[in-house]
Amino acid sequence: MTEQFELFPAAPALAPSPAAPTLVPSPVPALAPPPPIAARFEPAASLNQPQSEAVRHVDGPLIVFAGAGSGKTRVITYRIANLVMSEGVRPWTILAVTFTNKAAGEMRARLESLLGAERTKQLWIGTFHAVCIRFLRQHHAHAGLGKSFVIYDDADQKAVMKRVLKDLGLDEKRLVPQQVLARIHREKQEARGPDAFSVDGPLDGVILRCYKEYEQRLRAANAVDFEDILLHVLRLVEDEQSAEGRELCARFEHVLVDEFQDTNLVQYRLVRALSRARRNLCVVGDDDQSIYRWRGADIRNIRGFRSDYPDARLIKLEENYRSSANIVKAALGVIRPSRERQPKELFTLNAAGAEVLIVHTATERDEAATVVDGLRRKLDEGASPRELAVFYRVHAQSRVLEEALRGEGLPYQIVGGLRFFDRAEVKDLLAYLRLVENPASDVDLLRIINVPPRKIGDVTIERLIDVAGHERISAVTAIPKLCESGTVNAGARRALTAFAELFASLTAAKETAGPRELAERILDDSGYATWLRAQDSVEGDARLDNLREFLGSLDEYEEEALSGGMTPTLTDYLARITLASDTDTLSEVARIPMMTVHAAKGLEFEAVWMTGLEEGLFPLMREDQSEDDQVEEERRLAYVAITRAKVELTMTYAATRTIYGRMRYNAPSRFLFDLPTDTQRRTATEACLDLSRSYGSPSSERPFRASTFGERAPSRSAFGNGERPVARAPGRGAPSQTSPRAAPLGVARPAPRAVGERFVERDLDGVHDSDAGVVLGSRVRHKKFGPGVVVELGGGADPTVTVKFPGWGVKQIKLSFLTPG
DNA sequence: TTGCCACAAATTTTT
DNA sequence: TTTGTGGCAA
């Protein structure tokens with residue numbers, strides 16, 4: 001089963017260390033001799049025609065539309081190998097930018113086997129952020145930054161913004177820090193500083209003030225946020241006056257950008273500038289897989305590339321080697337309704353393979369049990385856990401799935417979610433470390449000045465900030481001043497002095513101790529470890545464990561740095577982990593990966609379970625944006641998810657889903673209707689059938705049942721062939737895919753049953769809409785309020801829905817008071 | 001100043 | 001549902 005779709009022998013498994021993902025190589029030795037020009041580079045595996053062209057086109061701009069599973073990574077790595085081996089391009093003049101650290105690590109691993117470790121080390125490979133950090137460390141002065149500037153992550157940024165709002169006397173209720181930040185980030189992603197901020201909306205004036213203040217505070221703290229990392233470098237390379245900037249732009253003979261559809265304006269301008277000397281810019285991407293618009297990615301970069309580079313060579317990779325024909329067809333069915341696409345058509349020569357399985361389930365628990373059954377079946381067939389994957393749209397869905405897997409004793413790993421480095425105790429320790437490294441960082445001081453509790457209260461802290469603000473000094477240096485000023489009482493003064501002494505001793509220790517030793521001293525001397533131990537609780541112990549793990553990651557980092565011939569420094573380590581994500585650290589351990597669809601980008605699995613295929617959840621809907629734009633991106637997201645699967649794909653949805661304590665009735669996702677009928681097989685679980693029976697037959701006179709789907713779903717309804725549902729007797733009609741085999745019991749299930757019984761092959765007509773004919777967006781009518789639109793679906797025996805009535809506002813109404821409108 | 005309690009809110013995706 | 005926040009008493 002596996003070989004059929006195997007592209008090429010698996011790349012040697014290079015385990016990136018969990019804490020410190022591989023970044024870009026060590027600085028290039030200026031005197032490195034040019035590599036010997038080897039015999040013309042011939043890739044071991046054969047390339048198809050377009051792939052080969054993309055590898056060998058070496059002069060001038062190039063854009064490659066690489067469909068899902070079309071061998072994109074192979075093209076990029078071979079292209080680089082070809083440049084170095086056949087064209088004699090010096091490795092350190094090649095810059096390859098990827099989207100994730102993981103992708104960079106994989107590319108590096110593959111190149112090592114093609115080029116050898118030495119030459120690979122000299123290449124510039126990394127994410128935009130990783131690469132720009134390196135530039136920025138070199139040219140920090142141009143950006144007005146100190147040498148050991150720190151990177152503020154989301155939480156830090158939020159803390160800064162909270163203070164800004166407070167100090168500007170703004171009401172936190174009216175102006176949410178996160179929203180102000182979101183707006184500012186949008187500005188920054190489009191390379192607009194406060195001076196270019198256009199004041200249009202009513203709140204814009206205030207936001208501009210916040211923006212200015214925020215920027216100023218970051219600068220004062222010698223800190224940058226994620227956008228700054230790129231912006232500072234952009235300013236440098238676009239500065240014609242700067243010799244450093246000109247040098248940077250002249251330095252690269254070839255620039256390659258992977259996942260180009262997900263670049264934002266700043267990133268695009270960056271690569272334009274960095275490649276302007278030779279114009280050897282190669283961008284690779286797929287507009288159908290653009291899923292990061294919400295964080296500034298501009299799909300026009302890829303769609304409009306040729307208007308900026310009219311002479312660019314355009315190559316399309318349209319043959320999919322990864323997935324079965326049925327899966328490719330399903331993916332095409334989902335993406336085809338998309339409005340604006342670059343013309344291209346994915347195809348495959350692979351066998352049809354199994355049909356895409358669609359399972360209708362009763363509840364999210366039932367759904368989870370279904371997934372568990374499927375997973376177990378694959379494992380019994382001999383699949384390795386790492387070849388399987390469970391996807392969901394939002395993290396909130398993961399808990400129920402986790403419980404189900406744990407209940408059945410299946411090993412799993414959540415990818416993404418709460419990052420290890422986001423845990424409170426780890427962040428505390430990090431704050432100490434960063435403060436020692438960079439005493440100007442006030443957010444870090446405020447985070448830990450009273451952690452563990454050392455009797456420095458809010459009042460004292462406020463005074464401290466006042467003093468710091470007045471004197472225009474950092475909060476740390478303000479501590480002695482505050483003590484001298486006599487405005488605080490003796491107790492507070494003692495506490496402050498003790499803290500200042502602690503800080504001084506740690507600063508002194510930094511001179512001699514490495515990062516690891518320093519971290520340990522912090523835990524001991526600050527009383528943090530003692531404090532946790534004294535709590536004597538499960539949580540406290542878990543936190544101690546996490547901190548131990550953190551120390552372990554420091555060990556690993558030090559080891560790695562030393563073996564690479566570099567001195568481990570705190571600055572370097574801190575930058576690494578701020579830019580690391582858990583997706584980078586998908587471990588080699590045999591566990592079933594579970595992740596959001598976003599986290600799945602760029603990965604592939606033998607068998608995939610997509611869950612929560614329901615209107616409102618996938619596609620996920622927010623009210624504040626136009627629906628069309630949202631659905632377009634959700635559609636691409638579904639396309640990405642489907643194309644991750646090589647051999648088997650299962651999609652599930654639940655008739656009722658309890659999320660955030662509220663039960664909701666969801667209609668099946670519109671994407672299910674877009675799947676070609678001849679590539680799919682539909683089933684429902686026993687529980688689901690019970691549910692539909694208890695709600696009466698599909699022909700009951702509940703309002704809306706017939707009309708609603710007609711409204712939303714395409715006329716080519718995949719479900720509506722008019723056949724009445726017929727449940728087969730348990731045990732008899734088990735679909736061929738489910739092996740008749742006893743499954744262990746979860747607590748929720750009453751009695752042992754054969755796995756096959758869960759699935760009853762049948763047509764779903766009527767099941768999905770018999771209970772809640774209303775879908776999100778359904779038009780309804782109320783006697784008093786007139787016509788309205790359903791914005792939320794409620795549950796219960798007498799279902800209640802939330803309806804927006806023009807002129808009346810949003811009301812919660814029992815379904816029985818509404819008629820179709 | 002701390003720690004507890006009650007209440008409210010907010011729930012996407014991440015370098 | 002969980003998580004965070006604010007007020008209050010000790």
# chains A, B, ... in the order shown; residues from 1 in each chain; ligands from 1

$ closest_atom_pairs --of "range 202-316 of chain A" --to "chain B" --cutoff "12 Å" --atoms "only C-alpha atoms (C1' of nucleotides)" --output "Markdown table"
| residue | atom | partner | partner_atom | distance |
| --- | --- | --- | --- | --- |
| A:Asp225 | CA | B:DT15 | C1' | 10.4 |
| A:Phe226 | CA | B:DT15 | C1' | 6.9 |
| A:Glu227 | CA | B:DT15 | C1' | 9.0 |
| A:Asp228 | CA | B:DT15 | C1' | 11.7 |
| A:Ile229 | CA | B:DT15 | C1' | 10.3 |
| A:Leu230 | CA | B:DT15 | C1' | 10.6 |
| A:Asp262 | CA | B:DT15 | C1' | 11.4 |
| A:Thr263 | CA | B:DT15 | C1' | 11.1 |
| A:Asn264 | CA | B:DT15 | C1' | 11.7 |
| A:Gln267 | CA | B:DT15 | C1' | 11.7 |
| A:Ile291 | CA | B:DT13 | C1' | 8.4 |
| A:Tyr292 | CA | B:DT13 | C1' | 7.5 |
| A:Arg293 | CA | B:DT13 | C1' | 9.7 |
| A:Trp294 | CA | B:DT13 | C1' | 7.9 |
| A:Arg295 | CA | B:DT14 | C1' | 8.1 |
| A:Gly296 | CA | B:DT14 | C1' | 11.3 |
| A:Ala297 | CA | B:DT15 | C1' | 11.7 |

$ write_last_selection --atoms "N, CA, C and O atoms" --output "short mmCIF file (atom, residue, chain, number, x, y, z; two decimals), in the first residue's frame"
data_model
loop_
_atom_site.label_atom_id
_atom_site.label_comp_id
_atom_site.auth_asym_id
_atom_site.auth_seq_id
_atom_site.Cartn_x
_atom_site.Cartn_y
_atom_site.Cartn_z
N ASP A 225 9.32 43.41 18.26
CA ASP A 225 8.30 42.38 18.11
C ASP A 225 8.55 41.66 16.78
O ASP A 225 9.51 41.98 16.07
N PHE A 226 7.69 40.69 16.45
CA PHE A 226 7.96 39.89 15.26
C PHE A 226 8.04 40.75 13.99
O PHE A 226 8.89 40.53 13.14
N GLU A 227 7.16 41.72 13.90
CA GLU A 227 7.15 42.54 12.70
C GLU A 227 8.41 43.40 12.61
O GLU A 227 8.96 43.60 11.54
N ASP A 228 8.85 43.88 13.78
CA ASP A 228 10.04 44.73 13.79
C ASP A 228 11.25 44.03 13.19
O ASP A 228 12.06 44.64 12.50
N ILE A 229 11.35 42.74 13.48
CA ILE A 229 12.51 42.00 13.00
C ILE A 229 12.64 42.18 11.49
O ILE A 229 13.72 42.44 10.97
N LEU A 230 11.53 42.07 10.80
CA LEU A 230 11.57 42.21 9.35
C LEU A 230 11.64 43.68 8.94
O LEU A 230 12.37 44.04 8.02
N ASP A 262 2.16 32.76 1.02
CA ASP A 262 1.91 33.20 2.39
C ASP A 262 2.79 34.36 2.82
O ASP A 262 2.90 34.67 4.00
N THR A 263 3.43 35.01 1.89
CA THR A 263 4.25 36.17 2.25
C THR A 263 3.37 37.41 2.38
O THR A 263 2.35 37.53 1.71
N ASN A 264 3.78 38.31 3.24
CA ASN A 264 3.08 39.59 3.32
C ASN A 264 3.90 40.64 2.58
O ASN A 264 4.94 40.34 1.99
N GLN A 267 7.54 41.13 3.60
CA GLN A 267 8.39 40.01 3.18
C GLN A 267 8.67 40.07 1.68
O GLN A 267 9.78 39.79 1.24
N ILE A 291 -3.27 30.26 3.21
CA ILE A 291 -4.17 30.14 4.36
C ILE A 291 -3.80 31.07 5.51
O ILE A 291 -4.21 30.88 6.64
N TYR A 292 -3.00 32.07 5.21
CA TYR A 292 -2.58 32.96 6.30
C TYR A 292 -2.92 34.42 6.02
O TYR A 292 -2.21 35.31 6.45
N ARG A 293 -4.02 34.64 5.34
CA ARG A 293 -4.42 36.01 5.06
C ARG A 293 -4.64 36.78 6.37
O ARG A 293 -4.33 37.95 6.47
N TRP A 294 -5.18 36.08 7.34
CA TRP A 294 -5.50 36.74 8.60
C TRP A 294 -4.27 37.29 9.29
O TRP A 294 -4.36 38.13 10.16
N ARG A 295 -3.11 36.80 8.93
CA ARG A 295 -1.97 37.42 9.57
C ARG A 295 -1.10 38.15 8.56
O ARG A 295 0.09 38.27 8.70
N GLY A 296 -1.77 38.67 7.57
CA GLY A 296 -1.11 39.63 6.70
C GLY A 296 -0.61 39.08 5.39
O GLY A 296 -0.12 39.83 4.56
N ALA A 297 -0.72 37.77 5.18
CA ALA A 297 -0.28 37.21 3.91
C ALA A 297 -1.13 37.80 2.79
O ALA A 297 -2.34 37.95 2.92
#

$ interface_residues --of "chain A" --to "chain C" --cutoff "8 Å" --atoms "only C-alpha atoms (C1' of nucleotides)" --output "PyMOL selection string"
chain A and resi 659-661

$ residues_around --residues "Lys481 in chain A" --least-positions-apart "2" --cutoff "12 Å" --atoms "only C-alpha atoms (C1' of nucleotides)" --output "list in words"
Arg463, Leu464, Ile465, Asp466, Val467, Ala468, His470, Glu471, Ile473, Ser474, Ala475, Val476, Thr477, Ala478, Ile479, Cys483, Glu484, Ser485, Gly486, Thr487, Val488, Arg493, Leu496, Thr497 and Ala500 of chain A

$ interface_residues --of "chain A" --to "chain B" --cutoff "7 Å" --atoms "only C-alpha atoms (C1' of nucleotides)" --output "mmCIF file with all heavy atoms, in the first residue's frame"
data_model
loop_
_atom_site.group_PDB
_atom_site.id
_atom_site.type_symbol
_atom_site.label_atom_id
_atom_site.label_comp_id
_atom_site.auth_asym_id
_atom_site.auth_seq_id
_atom_site.Cartn_x
_atom_site.Cartn_y
_atom_site.Cartn_z
ATOM 1 N N HIS A 129 12.105 35.285 9.641
ATOM 2 C CA HIS A 129 12.475 35.841 10.935
ATOM 3 C C HIS A 129 13.859 35.388 11.354
ATOM 4 O O HIS A 129 14.667 36.190 11.834
ATOM 5 C CB HIS A 129 11.428 35.456 11.977
ATOM 6 C CG HIS A 129 10.088 36.050 11.684
ATOM 7 N ND1 HIS A 129 9.703 37.270 12.173
ATOM 8 C CD2 HIS A 129 9.066 35.593 10.926
ATOM 9 C CE1 HIS A 129 8.493 37.546 11.722
ATOM 10 N NE2 HIS A 129 8.092 36.542 10.972
ATOM 11 N N PHE A 226 7.690 40.694 16.454
ATOM 12 C CA PHE A 226 7.957 39.892 15.258
ATOM 13 C C PHE A 226 8.039 40.747 13.990
ATOM 14 O O PHE A 226 8.888 40.533 13.138
ATOM 15 C CB PHE A 226 6.871 38.831 15.087
ATOM 16 C CG PHE A 226 6.920 37.764 16.140
ATOM 17 C CD1 PHE A 226 5.825 37.506 16.931
ATOM 18 C CD2 PHE A 226 8.073 37.029 16.336
ATOM 19 C CE1 PHE A 226 5.874 36.519 17.909
ATOM 20 C CE2 PHE A 226 8.141 36.048 17.295
ATOM 21 C CZ PHE A 226 7.032 35.799 18.099
ATOM 22 N N VAL A 394 -10.129 23.970 15.008
ATOM 23 C CA VAL A 394 -9.714 24.820 16.132
ATOM 24 C C VAL A 394 -9.237 23.949 17.292
ATOM 25 O O VAL A 394 -9.695 22.824 17.468
ATOM 26 C CB VAL A 394 -10.864 25.739 16.623
ATOM 27 C CG1 VAL A 394 -11.301 26.693 15.536
ATOM 28 C CG2 VAL A 394 -12.022 24.937 17.148
ATOM 29 N N LYS A 455 6.435 40.252 48.725
ATOM 30 C CA LYS A 455 5.861 41.403 49.419
ATOM 31 C C LYS A 455 6.126 42.722 48.711
ATOM 32 O O LYS A 455 6.326 43.762 49.333
ATOM 33 C CB LYS A 455 6.378 41.477 50.868
ATOM 34 C CG LYS A 455 6.108 40.211 51.658
ATOM 35 C CD LYS A 455 6.036 40.477 53.144
ATOM 36 C CE LYS A 455 5.890 39.191 53.936
ATOM 37 N NZ LYS A 455 4.644 38.468 53.568
ATOM 38 N N GLY A 457 4.009 44.850 46.470
ATOM 39 C CA GLY A 457 2.625 44.885 46.013
ATOM 40 C C GLY A 457 2.383 45.848 44.874
ATOM 41 O O GLY A 457 3.286 46.534 44.404
ATOM 42 N N LEU A 579 11.353 32.232 18.526
ATOM 43 C CA LEU A 579 10.956 32.009 17.141
ATOM 44 C C LEU A 579 10.582 30.557 16.877
ATOM 45 O O LEU A 579 10.223 30.199 15.776
ATOM 46 C CB LEU A 579 12.093 32.419 16.202
ATOM 47 C CG LEU A 579 12.422 33.906 16.186
ATOM 48 C CD1 LEU A 579 13.615 34.182 15.310
ATOM 49 C CD2 LEU A 579 11.233 34.716 15.720
ATOM 50 N N HIS A 598 -4.070 24.200 10.060
ATOM 51 C CA HIS A 598 -2.954 25.105 9.754
ATOM 52 C C HIS A 598 -1.617 24.444 10.032
ATOM 53 O O HIS A 598 -0.677 24.561 9.256
ATOM 54 C CB HIS A 598 -3.065 26.393 10.563
ATOM 55 C CG HIS A 598 -4.048 27.363 10.007
ATOM 56 N ND1 HIS A 598 -5.370 27.323 10.329
ATOM 57 C CD2 HIS A 598 -3.901 28.372 9.127
ATOM 58 C CE1 HIS A 598 -5.995 28.285 9.676
ATOM 59 N NE2 HIS A 598 -5.135 28.943 8.944
#

$ select_by_dssp --residues "range 332-503 of chain A" --states "strand (DSSP E or B)" --output "JSON, numbers by chain"
{"A": [347, 356, 357, 358, 359, 360, 361, 388, 389, 390, 391, 392, 412, 413, 414]}

$ write_last_selection --atoms "C-alpha atoms" --output "tab-separated table (two decimals), in the first residue's frame"
chain	number	residue	atom	x	y	z
A	347	PHE	CA	-3.77	15.58	-11.73
A	356	VAL	CA	-13.11	9.13	0.81
A	357	LEU	CA	-15.11	8.09	3.82
A	358	ILE	CA	-17.64	10.50	5.26
A	359	VAL	CA	-19.03	9.61	8.64
A	360	HIS	CA	-22.00	11.29	10.18
A	361	THR	CA	-21.85	11.10	13.94
A	388	LEU	CA	-1.68	8.67	10.75
A	389	ALA	CA	-3.03	12.06	11.67
A	390	VAL	CA	-6.12	13.70	13.11
A	391	PHE	CA	-6.97	17.24	12.02
A	392	TYR	CA	-9.35	19.74	13.50
A	412	TYR	CA	-0.92	10.70	20.58
A	413	GLN	CA	0.86	13.97	20.34
A	414	ILE	CA	-0.78	17.36	20.08

$ atom_distance --atom1 "CA of Ile577 in chain A" --atom2 "CA of Asp545 in chain A"
18.5 Å

$ residues_around --residues "Glu387 in chain A" --least-positions-apart "2" --cutoff "6 Å" --atoms "only C-alpha atoms (C1' of nucleotides)" --output "number ranges by chain"
A: 384-385, 605-606

$ select_by_dssp --residues "range 432-505 of chain A" --states "alpha helix (DSSP H)" --output "ChimeraX atom specification"
/A:432-437,442-448,458-471,475-485,490-505
